[in-house]
file entry20.tsv (TSV, C-alpha atoms and all ligand atoms)
chain	number	residue	atom	x	y	z
A	15	MET	CA	-10.12	15.58	31.46
A	16	THR	CA	-7.21	13.64	29.99
A	17	PHE	CA	-7.14	13.51	26.21
A	18	ARG	CA	-5.79	10.43	24.48
A	19	SER	CA	-4.57	9.91	20.95
A	20	GLY	CA	-2.94	7.16	18.97
A	21	PHE	CA	-3.20	4.33	16.50
A	22	CYS	CA	-5.14	1.09	16.34
A	23	CYS	CA	-4.38	-1.37	13.55
A	24	PHE	CA	-7.13	-3.70	12.36
A	25	VAL	CA	-5.89	-7.08	11.19
A	26	GLY	CA	-7.65	-10.27	10.17
A	27	ARG	CA	-8.03	-12.64	7.29
A	28	PRO	CA	-9.55	-11.40	4.03
A	29	ASN	CA	-13.28	-10.63	4.23
A	30	ALA	CA	-13.35	-10.55	8.06
A	31	GLY	CA	-15.13	-7.19	8.07
A	32	LYS	CA	-12.22	-4.86	8.92
A	33	SER	CA	-13.09	-2.14	6.42
A	34	THR	CA	-16.81	-2.16	7.18
A	35	LEU	CA	-15.98	-1.79	10.86
A	36	THR	CA	-13.52	1.02	10.11
A	37	ASN	CA	-16.26	2.92	8.29
A	38	ALA	CA	-18.73	2.29	11.13
A	39	LEU	CA	-16.28	3.64	13.72
A	40	VAL	CA	-15.33	6.69	11.65
A	41	GLY	CA	-18.99	7.33	10.85
A	42	SER	CA	-18.52	7.76	7.11
A	43	LYS	CA	-17.37	5.69	4.18
A	44	ILE	CA	-13.64	6.19	3.87
A	45	VAL	CA	-12.66	2.71	2.62
A	46	ILE	CA	-14.34	0.46	0.09
A	47	THR	CA	-15.78	-2.90	1.08
A	48	SER	CA	-16.95	-5.94	-0.83
A	49	ALA	CA	-17.93	-9.56	-0.44
A	50	LYS	CA	-14.81	-10.53	-2.44
A	51	PRO	CA	-11.73	-11.42	-0.40
A	52	GLN	CA	-8.71	-9.09	-0.58
A	53	THR	CA	-10.61	-5.95	-1.29
A	54	THR	CA	-8.33	-3.64	0.68
A	55	ARG	CA	-4.88	-3.20	-0.85
A	56	ARG	CA	-3.36	-0.40	1.21
A	57	ALA	CA	-3.11	0.61	4.83
A	58	VAL	CA	-5.82	3.26	5.10
A	59	ARG	CA	-6.16	5.55	8.09
A	60	GLY	CA	-9.60	6.43	9.39
A	61	ILE	CA	-9.90	8.99	12.15
A	62	VAL	CA	-12.41	8.62	14.98
A	63	ASN	CA	-12.97	11.90	16.82
A	64	ARG	CA	-14.33	11.67	20.35
A	65	PRO	CA	-14.61	14.30	23.07
A	66	ASP	CA	-11.94	12.49	25.09
A	67	ALA	CA	-9.74	11.08	22.33
A	68	GLN	CA	-8.66	10.86	18.76
A	69	LEU	CA	-8.39	7.25	17.68
A	70	VAL	CA	-6.72	6.61	14.34
A	71	ILE	CA	-7.77	3.27	12.88
A	72	VAL	CA	-5.36	1.73	10.40
A	73	ASP	CA	-7.36	-0.61	8.17
A	74	THR	CA	-5.16	-3.18	6.44
A	75	PRO	CA	-5.39	-5.79	3.67
A	76	GLY	CA	-6.45	-9.25	4.80
A	77	LEU	CA	-3.45	-11.28	5.95
A	78	HIS	CA	-3.35	-14.48	3.87
A	79	ARG	CA	-1.14	-17.11	2.28
A	80	PRO	CA	0.17	-15.24	-0.77
A	81	ARG	CA	-0.08	-16.72	-4.26
A	82	THR	CA	1.25	-13.75	-6.19
A	83	LEU	CA	3.78	-10.97	-5.75
A	84	LEU	CA	0.85	-8.63	-5.10
A	85	GLY	CA	-0.23	-10.93	-2.24
A	86	GLU	CA	3.27	-10.83	-0.76
A	87	ARG	CA	3.33	-7.06	-0.96
A	88	LEU	CA	-0.10	-6.80	0.67
A	89	ASN	CA	1.10	-8.95	3.58
A	90	ASP	CA	4.16	-6.67	3.87
A	91	VAL	CA	1.78	-3.69	4.09
A	92	VAL	CA	0.02	-5.36	7.05
A	93	ARG	CA	3.25	-6.19	8.86
A	94	ALA	CA	4.57	-2.66	8.42
A	95	ALA	CA	1.28	-1.23	9.74
A	96	LEU	CA	1.38	-3.53	12.78
A	97	ALA	CA	4.88	-2.53	13.75
A	98	ASP	CA	4.11	0.82	15.26
A	99	VAL	CA	0.64	1.05	16.80
A	100	ASP	CA	-0.70	1.43	20.34
A	101	VAL	CA	-3.29	-1.32	20.10
A	102	ILE	CA	-4.27	-4.02	17.60
A	103	GLY	CA	-7.84	-5.03	16.72
A	104	PHE	CA	-7.83	-8.67	15.59
A	105	CYS	CA	-11.03	-9.28	13.58
A	106	VAL	CA	-12.59	-12.74	13.38
A	107	PRO	CA	-16.05	-13.16	11.83
A	108	ALA	CA	-18.80	-14.64	14.04
A	109	ASP	CA	-20.33	-16.61	11.17
A	110	GLU	CA	-17.26	-18.64	10.16
A	111	LYS	CA	-15.33	-21.25	12.12
A	112	VAL	CA	-11.97	-20.22	13.53
A	113	GLY	CA	-9.47	-21.72	11.09
A	114	PRO	CA	-5.79	-22.03	10.24
A	115	GLY	CA	-5.79	-18.48	8.81
A	116	ASP	CA	-6.85	-17.05	12.18
A	117	LYS	CA	-4.34	-19.22	14.08
A	118	PHE	CA	-1.57	-18.06	11.80
A	119	ILE	CA	-2.43	-14.41	12.46
A	120	ALA	CA	-2.80	-14.95	16.22
A	121	ALA	CA	0.69	-16.46	16.31
A	122	GLU	CA	2.13	-13.41	14.54
A	123	LEU	CA	0.36	-11.05	16.93
A	124	ALA	CA	1.68	-12.92	19.97
A	125	ALA	CA	5.19	-11.85	18.97
A	126	LEU	CA	4.27	-8.13	19.06
A	127	LYS	CA	4.32	-5.81	22.04
A	128	ALA	CA	1.05	-3.95	21.49
A	129	PRO	CA	-2.04	-5.17	23.37
A	130	VAL	CA	-4.53	-7.05	21.18
A	131	VAL	CA	-8.30	-6.64	21.38
A	132	ALA	CA	-10.06	-9.58	19.71
A	133	ILE	CA	-13.12	-8.43	17.78
A	134	ILE	CA	-15.82	-10.89	16.77
A	135	THR	CA	-17.38	-9.24	13.72
A	136	LYS	CA	-20.72	-9.67	11.88
A	137	THR	CA	-22.67	-10.76	14.97
A	138	ASP	CA	-25.92	-9.92	13.15
A	139	ARG	CA	-25.20	-12.98	11.01
A	140	ALA	CA	-24.92	-15.42	13.92
A	141	GLY	CA	-27.24	-16.64	16.65
A	142	ARG	CA	-26.56	-16.32	20.34
A	143	ASP	CA	-25.13	-19.84	20.67
A	144	ARG	CA	-22.84	-19.37	17.71
A	145	ILE	CA	-21.53	-16.10	19.15
A	146	ALA	CA	-20.97	-17.71	22.56
A	147	ALA	CA	-19.07	-20.59	20.94
A	148	GLN	CA	-17.01	-18.14	18.90
A	149	LEU	CA	-16.08	-16.19	22.03
A	150	VAL	CA	-14.70	-19.40	23.51
A	151	ALA	CA	-12.90	-20.42	20.32
A	152	VAL	CA	-11.30	-16.99	19.87
A	153	SER	CA	-10.26	-16.75	23.52
A	154	GLN	CA	-8.20	-19.90	22.93
A	155	LEU	CA	-6.27	-18.28	20.10
A	156	GLY	CA	-4.14	-16.09	22.33
A	157	ASP	CA	-3.82	-13.72	25.21
A	158	PHE	CA	-6.16	-10.81	24.52
A	159	ALA	CA	-6.75	-7.58	26.44
A	160	ASP	CA	-10.47	-7.89	25.63
A	161	ILE	CA	-12.81	-9.87	23.41
A	162	VAL	CA	-15.74	-7.92	21.97
A	163	PRO	CA	-18.55	-9.09	19.69
A	164	VAL	CA	-19.72	-6.34	17.30
A	165	SER	CA	-21.87	-5.79	14.26
A	166	ALA	CA	-20.72	-2.95	12.03
A	167	VAL	CA	-23.85	-3.32	9.90
A	168	ALA	CA	-26.33	-3.27	12.79
A	169	GLY	CA	-24.20	-0.79	14.76
A	170	ASP	CA	-24.13	-3.15	17.74
A	171	GLN	CA	-21.37	-2.51	20.28
A	172	VAL	CA	-19.46	-0.23	17.89
A	173	GLU	CA	-19.40	2.60	20.46
A	174	LEU	CA	-18.32	0.21	23.17
A	175	LEU	CA	-15.47	-1.01	20.98
A	176	ALA	CA	-14.34	2.59	20.33
A	177	GLY	CA	-14.15	3.11	24.09
A	178	LEU	CA	-12.20	-0.10	24.70
A	179	LEU	CA	-9.66	0.71	21.98
A	180	THR	CA	-9.31	4.30	23.19
A	181	ALA	CA	-8.43	3.06	26.69
A	182	HIS	CA	-5.21	1.60	25.25
A	183	LEU	CA	-4.05	4.91	23.78
A	184	PRO	CA	-1.47	7.08	25.51
A	185	GLU	CA	-2.29	10.58	26.67
A	186	GLY	CA	-1.60	13.00	23.87
A	187	PRO	CA	-2.88	15.84	21.69
A	188	GLN	CA	-5.05	15.65	18.57
A	189	LEU	CA	-2.98	14.30	15.69
A	190	TYR	CA	-5.31	15.48	12.91
A	191	PRO	CA	-7.73	18.43	12.65
A	192	ALA	CA	-11.12	17.43	14.11
A	193	ASP	CA	-12.91	17.60	10.74
A	194	VAL	CA	-10.55	15.19	8.99
A	195	THR	CA	-11.74	11.57	8.64
A	196	THR	CA	-8.88	10.10	6.59
A	197	ASP	CA	-5.51	11.09	5.20
A	198	GLU	CA	-6.07	9.31	1.89
A	199	ASP	CA	-5.84	11.70	-1.05
A	200	VAL	CA	-8.88	12.36	-3.22
A	201	GLU	CA	-7.50	10.67	-6.34
A	202	ALA	CA	-6.78	7.47	-4.45
A	203	ARG	CA	-10.30	7.49	-3.00
A	204	ILE	CA	-11.83	8.03	-6.43
A	205	ALA	CA	-9.82	5.13	-7.88
A	206	GLU	CA	-11.06	2.94	-5.03
A	207	LEU	CA	-14.70	3.90	-5.59
A	208	ILE	CA	-14.34	2.88	-9.23
A	209	ARG	CA	-12.72	-0.42	-8.22
A	210	GLU	CA	-15.53	-1.06	-5.72
A	211	ALA	CA	-18.11	-0.59	-8.48
A	212	ALA	CA	-16.10	-2.84	-10.81
A	213	LEU	CA	-15.91	-5.60	-8.17
A	214	ASP	CA	-19.65	-5.80	-7.92
A	215	GLY	CA	-20.87	-8.81	-9.89
A	216	VAL	CA	-17.54	-10.27	-11.01
A	217	ARG	CA	-16.32	-13.65	-9.81
A	218	ASP	CA	-13.44	-16.08	-9.41
A	219	GLU	CA	-10.06	-14.62	-10.28
A	220	LEU	CA	-11.37	-11.45	-11.87
A	221	PRO	CA	-11.70	-9.36	-8.67
A	222	HIS	CA	-7.99	-9.88	-8.01
A	223	SER	CA	-7.10	-8.80	-11.56
A	224	ILE	CA	-8.74	-5.37	-11.32
A	225	ALA	CA	-6.71	-2.26	-10.54
A	226	VAL	CA	-7.79	1.31	-11.15
A	227	THR	CA	-5.78	4.47	-11.73
A	228	VAL	CA	-7.00	8.04	-12.14
A	229	GLU	CA	-5.19	9.66	-15.07
A	230	GLU	CA	-6.56	13.17	-14.98
A	231	MET	CA	-9.02	15.43	-13.16
A	232	ASN	CA	-10.05	18.66	-14.85
A	233	PRO	CA	-12.66	21.11	-13.60
A	234	ARG	CA	-14.86	22.21	-16.52
A	235	ASP	CA	-17.54	24.78	-15.63
A	236	ALA	CA	-19.50	23.27	-12.73
A	237	LEU	CA	-18.31	19.79	-13.63
A	238	MET	CA	-15.26	17.74	-12.62
A	239	VAL	CA	-14.09	15.67	-15.58
A	240	ILE	CA	-12.26	12.54	-14.45
A	241	TYR	CA	-10.33	10.18	-16.72
A	242	ALA	CA	-9.61	6.80	-15.17
A	243	THR	CA	-8.32	3.43	-16.33
A	244	VAL	CA	-9.54	0.01	-15.23
A	245	HIS	CA	-6.55	-2.33	-15.59
A	246	LEU	CA	-7.10	-6.05	-16.15
A	247	GLU	CA	-4.67	-8.94	-16.56
A	248	ARG	CA	-5.91	-10.74	-19.66
A	249	PRO	CA	-7.63	-9.73	-22.87
A	250	SER	CA	-10.38	-12.31	-22.15
A	251	GLN	CA	-11.38	-10.30	-19.04
A	252	LYS	CA	-12.12	-7.20	-21.09
A	253	GLY	CA	-15.37	-8.53	-22.47
A	254	ILE	CA	-16.69	-9.40	-19.01
A	255	VAL	CA	-15.95	-5.98	-17.57
A	256	ILE	CA	-17.18	-4.06	-20.60
A	257	GLY	CA	-20.25	-6.26	-21.12
A	258	ALA	CA	-22.63	-6.51	-24.06
A	259	LYS	CA	-22.61	-3.19	-25.93
A	260	GLY	CA	-20.67	-1.70	-23.02
A	261	ALA	CA	-23.55	-2.18	-20.60
A	262	ARG	CA	-21.48	-3.35	-17.62
A	263	LEU	CA	-18.85	-0.67	-17.97
A	264	LYS	CA	-21.64	1.88	-18.15
A	265	GLN	CA	-23.13	0.48	-14.93
A	266	ILE	CA	-19.72	0.64	-13.24
A	267	GLY	CA	-19.44	4.28	-14.29
A	268	THR	CA	-22.92	5.15	-13.04
A	269	THR	CA	-22.37	3.49	-9.64
A	270	ALA	CA	-18.90	4.96	-9.17
A	271	ARG	CA	-20.02	8.42	-10.25
A	272	ALA	CA	-22.67	8.57	-7.53
A	273	GLY	CA	-20.04	7.83	-4.88
A	274	ILE	CA	-17.54	10.28	-6.36
A	275	GLU	CA	-20.13	13.06	-6.55
A	276	GLU	CA	-20.88	12.50	-2.88
A	277	LEU	CA	-17.17	12.59	-2.07
A	278	LEU	CA	-16.48	15.78	-4.07
A	279	GLY	CA	-19.81	17.44	-3.32
A	280	GLY	CA	-20.38	18.34	-6.96
A	281	ARG	CA	-21.19	16.98	-10.39
A	282	VAL	CA	-18.80	14.63	-12.11
A	283	HIS	CA	-18.24	13.39	-15.64
A	284	LEU	CA	-16.44	10.05	-15.47
A	285	ASP	CA	-14.57	8.75	-18.49
A	286	LEU	CA	-13.58	5.10	-17.98
A	287	HIS	CA	-11.09	3.30	-20.16
A	288	VAL	CA	-10.28	-0.43	-19.92
A	289	ALA	CA	-6.71	-1.60	-20.51
A	290	VAL	CA	-4.83	-4.90	-20.19
A	291	GLU	CA	-1.59	-4.99	-18.18
A	292	ALA	CA	-0.68	-8.63	-18.69
A	293	ASP	CA	-0.14	-10.47	-15.37
A	294	TRP	CA	0.43	-7.28	-13.39
A	295	GLN	CA	-0.06	-9.08	-10.06
A	296	ARG	CA	3.18	-10.98	-10.67
A	297	ASP	CA	5.27	-8.29	-12.32
A	298	PRO	CA	7.39	-6.10	-10.00
A	299	LYS	CA	7.64	-3.20	-12.46
A	300	LYS	CA	3.90	-3.15	-13.16
A	301	LEU	CA	3.13	-3.39	-9.45
A	302	ASP	CA	5.38	-0.41	-8.81
A	303	ARG	CA	3.64	1.54	-11.54
A	304	LEU	CA	0.21	0.73	-10.16
A	305	GLY	CA	1.34	1.90	-6.74
A	306	PHE	CA	1.86	-1.39	-4.86
B	1	LIG	N1	-24.03	-8.83	7.93
B	1	LIG	C1	-22.87	-8.21	8.09
B	1	LIG	N2	-21.99	-8.19	7.07
B	1	LIG	C2	-20.81	-7.56	7.26
B	1	LIG	C3	-20.47	-6.94	8.49
B	1	LIG	N3	-19.23	-6.42	8.36
B	1	LIG	C4	-18.83	-6.72	7.10
B	1	LIG	N4	-19.77	-7.41	6.44
B	1	LIG	C5	-19.70	-7.90	5.05
B	1	LIG	O1	-18.59	-8.76	4.90
B	1	LIG	C6	-17.95	-8.56	3.62
B	1	LIG	C7	-16.50	-8.19	3.81
B	1	LIG	O2	-16.42	-6.94	4.46
B	1	LIG	P1	-15.12	-6.02	4.38
B	1	LIG	O3	-15.30	-4.95	5.40
B	1	LIG	O4	-14.83	-5.62	2.98
B	1	LIG	O5	-14.01	-7.06	4.88
B	1	LIG	P2	-12.43	-6.83	5.02
B	1	LIG	O6	-11.98	-7.57	6.22
B	1	LIG	O7	-12.10	-5.39	4.96
B	1	LIG	O8	-11.90	-7.59	3.72
B	1	LIG	P3	-10.48	-7.42	2.96
B	1	LIG	O9	-10.27	-5.97	2.67
B	1	LIG	O10	-10.68	-8.22	1.72
B	1	LIG	O11	-9.44	-8.01	3.85
B	1	LIG	C8	-18.77	-7.47	2.92
B	1	LIG	O12	-19.70	-8.11	2.08
B	1	LIG	C9	-19.46	-6.75	4.07
B	1	LIG	O13	-20.69	-6.17	3.69
B	1	LIG	C10	-21.44	-6.96	9.54
B	1	LIG	O14	-21.25	-6.44	10.65
B	1	LIG	N5	-22.61	-7.63	9.28
B	2	MG	MG	-10.91	-4.40	3.70

call {"tool": "encode", "arguments": {"input": "entry20.tsv", "output": "C-alpha cells", "more": "lines below"}}
Ligand SMILES: Nc1nc2c(ncn2[C@@H]2O[C@H](COP(=O)(O)OP(=O)(O)OP(=O)(O)O)[C@@H](O)[C@H]2O)c(=O)[nH]1
Ligand SMILES: [Mg+2]
result
Amino acid sequence: MTFRSGFCCFVGRPNAGKSTLTNALVGSKIVITSAKPQTTRRAVRGIVNRPDAQLVIVDTPGLHRPRTLLGERLNDVVRAALADVDVIGFCVPADEKVGPGDKFIAAELAALKAPVVAIITKTDRAGRDRIAAQLVAVSQLGDFADIVPVSAVAGDQVELLAGLLTAHLPEGPQLYPADVTTDEDVEARIAELIREAALDGVRDELPHSIAVTVEEMNPRDALMVIYATVHLERPSQKGIVIGAKGARLKQIGTTARAGIEELLGGRVHLDLHVAVEADWQRDPKKLDRLGF
C-alpha cells in the first residue's frame, strides 16, 4: 500500500467554518471556533491520521479586507501558509450568497500552483435547492479539482473530504507521530480556550479587541495553577468583560477551566486578570509582544 503525507491549507472568508471543519477532520478540538468573524489568528496545524496517509490541515485566519494592522498581519499569515502546501481547501458556506470576499480569494488562489478543492460548508443549514445553487455559484468562481458539500457539525461527507484531499498528497512517510493531533504548544492552546470563553456573549468591536496571554503555569500538589491575562483595548471594555460584581469574568473562568482540564487531563486553578493595552490592534510593538 502506498502511504501519502503532506499539507492541506484551509482558506476562506471569516466565519466560513474552517476551524470547525479542521476539528471534525482531526476528530478532536484543536482550534477554537466562534460565531464571531476573525476568530482564528494563527496558522494552526491539525493532523489527520489515516491508515493510508497523514494529512496535515493548516487552518488559517479568515482572509478579509483589513482595517487594522492586526488584520494585515492575519492576511499575511494566510498568504504565508498558502505558499507551500500540496492542496488547498477553499471554504465557502452553503447558507450565505457567494460574494466579493469569495471572489477576491478565488482570484488569489488562481495564481497559485497547488490544486484547489472547493468545500461548501455548513450544509446542515441549507436546503437541497440552496446547496445545488451554491454548487453552481462556486463552480463559477474558478477552476477546482473538486467541489464537495460538507457539514462539520452533522459529520456529513467529512470522511469523503478527507479522502479527496489525501489523493492530492505526494507519497511520503509519516511527518508526525501517530498520536499527535497538533503541533500547537499547550500554553498557546490554553490562551485560546480562554479567548474562546471570553468571546462568548460579547458583540460588535469587542471580540476583535480581546487577546489572551498565559503568564505562568505552576503545578501545586495535584493542581495546575495558571495565571493568564485578558487584554482589551479600552478601559470602557473592562466593565463588560468583568461584568457586575465580576460575574462575567467568573463565567469565562469556569468555561475555560473545563476545557483546560480536559486538555491537561487534570485539575486546574485559573487566575484571570484583565488589562488594557490601548489600541493594541494598531500598534506594531504591542502586536509583537502579543505574538502577532
Ligand atoms: N450549523 C453549522 N454551523 C457550523 C458548521 N461549521 C461551522 N459552523 C459555525 O459557524 C461559525 C464559524 O465557525 P468557525 O469554524 O469558527 O469559522 P472559521 O472559518 O474558522 O472563522 P474564522 O476563524 O473567524 O475565519 C461557528 O458558529 C460554527 O459553530 C456546520 O457544519 N454547521
Ligand atoms: Mg477559524

call {"tool": "residues_near_ligand", "arguments": {"input": "entry20.tsv", "ligand": "ligand MG 2 (chain B)", "cutoff": "7 Å", "atoms": "all atoms listed in the file", "output": "ChimeraX atom specification"}}
result
/A:29,31-33,46-47,52-54,73-76

call {"tool": "axis_aligned_box", "arguments": {"input": "entry20.tsv", "around": "ligand LIG 1 (chain B)", "padding_each_side": "4 Å", "output": "AutoDock Vina command-line options"}}
result
--center_x -16.7 --center_y -6.9 --center_z 6.2 --size_x 22.6 --size_y 11.9 --size_z 16.9

call {"tool": "residues_around", "arguments": {"input": "entry20.tsv", "residues": "region 77-90 of chain A", "least_positions_apart": "6", "cutoff": "12 Å", "atoms": "all atoms listed in the file", "output": "JSON list (two decimals) with C-alpha atoms, in the coordinates of the input"}}
result
[["chain", "number", "residue", "atom", "x", "y", "z"],
["A", 24, "PHE", "CA", -7.13, -3.70, 12.36],
["A", 25, "VAL", "CA", -5.89, -7.08, 11.19],
["A", 26, "GLY", "CA", -7.65, -10.27, 10.17],
["A", 27, "ARG", "CA", -8.03, -12.64, 7.29],
["A", 28, "PRO", "CA", -9.55, -11.40, 4.03],
["A", 29, "ASN", "CA", -13.28, -10.63, 4.23],
["A", 30, "ALA", "CA", -13.35, -10.55, 8.06],
["A", 32, "LYS", "CA", -12.22, -4.86, 8.92],
["A", 51, "PRO", "CA", -11.73, -11.42, -0.40],
["A", 52, "GLN", "CA", -8.71, -9.09, -0.58],
["A", 53, "THR", "CA", -10.61, -5.95, -1.29],
["A", 54, "THR", "CA", -8.33, -3.64, 0.68],
["A", 55, "ARG", "CA", -4.88, -3.20, -0.85],
["A", 56, "ARG", "CA", -3.36, -0.40, 1.21],
["A", 57, "ALA", "CA", -3.11, 0.61, 4.83],
["A", 96, "LEU", "CA", 1.38, -3.53, 12.78],
["A", 97, "ALA", "CA", 4.88, -2.53, 13.75],
["A", 104, "PHE", "CA", -7.83, -8.67, 15.59],
["A", 105, "CYS", "CA", -11.03, -9.28, 13.58],
["A", 106, "VAL", "CA", -12.59, -12.74, 13.38],
["A", 113, "GLY", "CA", -9.47, -21.72, 11.09],
["A", 114, "PRO", "CA", -5.79, -22.03, 10.24],
["A", 115, "GLY", "CA", -5.79, -18.48, 8.81],
["A", 116, "ASP", "CA", -6.85, -17.05, 12.18],
["A", 117, "LYS", "CA", -4.34, -19.22, 14.08],
["A", 118, "PHE", "CA", -1.57, -18.06, 11.80],
["A", 119, "ILE", "CA", -2.43, -14.41, 12.46],
["A", 120, "ALA", "CA", -2.80, -14.95, 16.22],
["A", 122, "GLU", "CA", 2.13, -13.41, 14.54],
["A", 123, "LEU", "CA", 0.36, -11.05, 16.93],
["A", 219, "GLU", "CA", -10.06, -14.62, -10.28],
["A", 222, "HIS", "CA", -7.99, -9.88, -8.01],
["A", 223, "SER", "CA", -7.10, -8.80, -11.56],
["A", 224, "ILE", "CA", -8.74, -5.37, -11.32],
["A", 225, "ALA", "CA", -6.71, -2.26, -10.54],
["A", 293, "ASP", "CA", -0.14, -10.47, -15.37],
["A", 294, "TRP", "CA", 0.43, -7.28, -13.39],
["A", 295, "GLN", "CA", -0.06, -9.08, -10.06],
["A", 296, "ARG", "CA", 3.18, -10.98, -10.67],
["A", 297, "ASP", "CA", 5.27, -8.29, -12.32],
["A", 298, "PRO", "CA", 7.39, -6.10, -10.00],
["A", 299, "LYS", "CA", 7.64, -3.20, -12.46],
["A", 300, "LYS", "CA", 3.90, -3.15, -13.16],
["A", 301, "LEU", "CA", 3.13, -3.39, -9.45],
["A", 302, "ASP", "CA", 5.38, -0.41, -8.81],
["A", 304, "LEU", "CA", 0.21, 0.73, -10.16],
["A", 305, "GLY", "CA", 1.34, 1.90, -6.74],
["A", 306, "PHE", "CA", 1.86, -1.39, -4.86]]

call {"tool": "closest_residue", "arguments": {"input": "entry20.tsv", "among": "A:Lys136, A:Arg203, A:Lys127, A:Arg64", "to": "Asp157 (chain A)", "atoms": "only C-alpha atoms"}}
result
A:Lys127

call {"tool": "closest_residue", "arguments": {"input": "entry20.tsv", "among": "A:Ile204, A:Leu213, A:Val150, A:Ala181", "to": "ligand LIG 1 (chain B)", "atoms": "all atoms listed in the file"}}
result
A:Leu213

call {"tool": "atom_distance", "arguments": {"input": "entry20.tsv", "atom1": "CA of Arg262 (chain A)", "atom2": "CA of Leu284 (chain A)"}}
result
14.5 Å

call {"tool": "atom_distance", "arguments": {"input": "entry20.tsv", "atom1": "atom O12 of ligand LIG 1 (chain B)", "atom2": "CA of Lys50 (chain A)"}}
result
7.1 Å

call {"tool": "atom_distance", "arguments": {"input": "entry20.tsv", "atom1": "CA of Arg93 (chain A)", "atom2": "CA of Ala125 (chain A)"}}
result
11.7 Å

call {"tool": "closest_residue", "arguments": {"input": "entry20.tsv", "among": "A:Ala236, A:Ala67, A:Ile266, A:Thr135", "to": "Ile254 (chain A)", "atoms": "only C-alpha atoms"}}
result
A:Ile266

call {"tool": "closest_residue", "arguments": {"input": "entry20.tsv", "among": "A:Arg142, A:Arg18, A:Lys259, A:Lys111", "to": "Gln188 (chain A)", "atoms": "all atoms listed in the file"}}
result
A:Arg18

call {"tool": "closest_residue", "arguments": {"input": "entry20.tsv", "among": "A:Glu291, A:Glu230, A:Asp143, A:Asp214", "to": "Val244 (chain A)", "atoms": "only C-alpha atoms"}}
result
A:Glu291

call {"tool": "closest_residue", "arguments": {"input": "entry20.tsv", "among": "A:Arg271, A:Arg139, A:His287, A:Arg59", "to": "ligand LIG 1 (chain B)", "atoms": "all atoms listed in the file"}}
result
A:Arg139

call {"tool": "residues_around", "arguments": {"input": "entry20.tsv", "residues": "Glu229 (chain A)", "least_positions_apart": "6", "cutoff": "9 Å", "atoms": "only C-alpha atoms", "output": "compact mmCIF listing (two decimals) with C-alpha atoms, in the coordinates of the input"}}
result
# COMPACT_ATOMS: atom_id res chain seq x y z
CA ILE A 240 -12.26 12.54 -14.45
CA TYR A 241 -10.33 10.18 -16.72
CA ALA A 242 -9.61 6.80 -15.17
CA THR A 243 -8.32 3.43 -16.33

call {"tool": "residues_around", "arguments": {"input": "entry20.tsv", "residues": "Thr195 (chain A)", "least_positions_apart": "3", "cutoff": "7 Å", "atoms": "only C-alpha atoms", "output": "JSON, numbers by chain"}}
result
{"A": [40, 60, 61]}

call {"tool": "residues_around", "arguments": {"input": "entry20.tsv", "residues": "Ala159 (chain A)", "least_positions_apart": "2", "cutoff": "7 Å", "atoms": "all atoms listed in the file", "output": "list in words"}}
result
Pro129, Val130, Val131 and Asp157 of chain A

call {"tool": "residues_around", "arguments": {"input": "entry20.tsv", "residues": "Asp197 (chain A)", "least_positions_apart": "3", "cutoff": "12 Å", "atoms": "all atoms listed in the file", "output": "PyMOL selection string"}}
result
chain A and resi 44-45+57-61+70-72+189-191+193-194+200-203

call {"tool": "build_atoms", "arguments": {"input": "entry20.tsv", "residues": "region 63-74 of chain A", "atoms": "N, CA and C atoms", "output": "PDB file, in the coordinates of the input"}}
result
ATOM      1  N   ASN A  63     -13.067  10.775  15.890  1.00  0.00           N
ATOM      2  CA  ASN A  63     -12.970  11.900  16.820  1.00  0.00           C
ATOM      3  C   ASN A  63     -13.975  11.739  17.935  1.00  0.00           C
ATOM      4  N   ARG A  64     -13.480  11.763  19.165  1.00  0.00           N
ATOM      5  CA  ARG A  64     -14.330  11.670  20.350  1.00  0.00           C
ATOM      6  C   ARG A  64     -14.000  12.842  21.260  1.00  0.00           C
ATOM      7  N   PRO A  65     -14.912  13.181  22.182  1.00  0.00           N
ATOM      8  CA  PRO A  65     -14.610  14.300  23.070  1.00  0.00           C
ATOM      9  C   PRO A  65     -13.345  14.069  23.897  1.00  0.00           C
ATOM     10  N   ASP A  66     -13.062  12.801  24.208  1.00  0.00           N
ATOM     11  CA  ASP A  66     -11.940  12.490  25.090  1.00  0.00           C
ATOM     12  C   ASP A  66     -10.724  11.923  24.355  1.00  0.00           C
ATOM     13  N   ALA A  67     -10.827  11.774  23.027  1.00  0.00           N
ATOM     14  CA  ALA A  67      -9.740  11.080  22.330  1.00  0.00           C
ATOM     15  C   ALA A  67      -9.822  11.242  20.826  1.00  0.00           C
ATOM     16  N   GLN A  68      -8.667  11.028  20.208  1.00  0.00           N
ATOM     17  CA  GLN A  68      -8.660  10.860  18.760  1.00  0.00           C
ATOM     18  C   GLN A  68      -7.997   9.507  18.482  1.00  0.00           C
ATOM     19  N   LEU A  69      -8.824   8.621  17.946  1.00  0.00           N
ATOM     20  CA  LEU A  69      -8.390   7.250  17.680  1.00  0.00           C
ATOM     21  C   LEU A  69      -8.196   7.103  16.175  1.00  0.00           C
ATOM     22  N   VAL A  70      -6.984   6.788  15.767  1.00  0.00           N
ATOM     23  CA  VAL A  70      -6.720   6.610  14.340  1.00  0.00           C
ATOM     24  C   VAL A  70      -6.713   5.111  14.046  1.00  0.00           C
ATOM     25  N   ILE A  71      -7.695   4.677  13.261  1.00  0.00           N
ATOM     26  CA  ILE A  71      -7.770   3.270  12.880  1.00  0.00           C
ATOM     27  C   ILE A  71      -6.952   3.067  11.606  1.00  0.00           C
ATOM     28  N   VAL A  72      -6.095   2.078  11.614  1.00  0.00           N
ATOM     29  CA  VAL A  72      -5.360   1.730  10.400  1.00  0.00           C
ATOM     30  C   VAL A  72      -5.967   0.425   9.868  1.00  0.00           C
ATOM     31  N   ASP A  73      -6.756   0.564   8.809  1.00  0.00           N
ATOM     32  CA  ASP A  73      -7.360  -0.610   8.170  1.00  0.00           C
ATOM     33  C   ASP A  73      -6.307  -1.226   7.259  1.00  0.00           C
ATOM     34  N   THR A  74      -6.216  -2.544   7.236  1.00  0.00           N
ATOM     35  CA  THR A  74      -5.160  -3.180   6.440  1.00  0.00           C
ATOM     36  C   THR A  74      -5.740  -4.251   5.507  1.00  0.00           C
TER      37      THR A  74
END
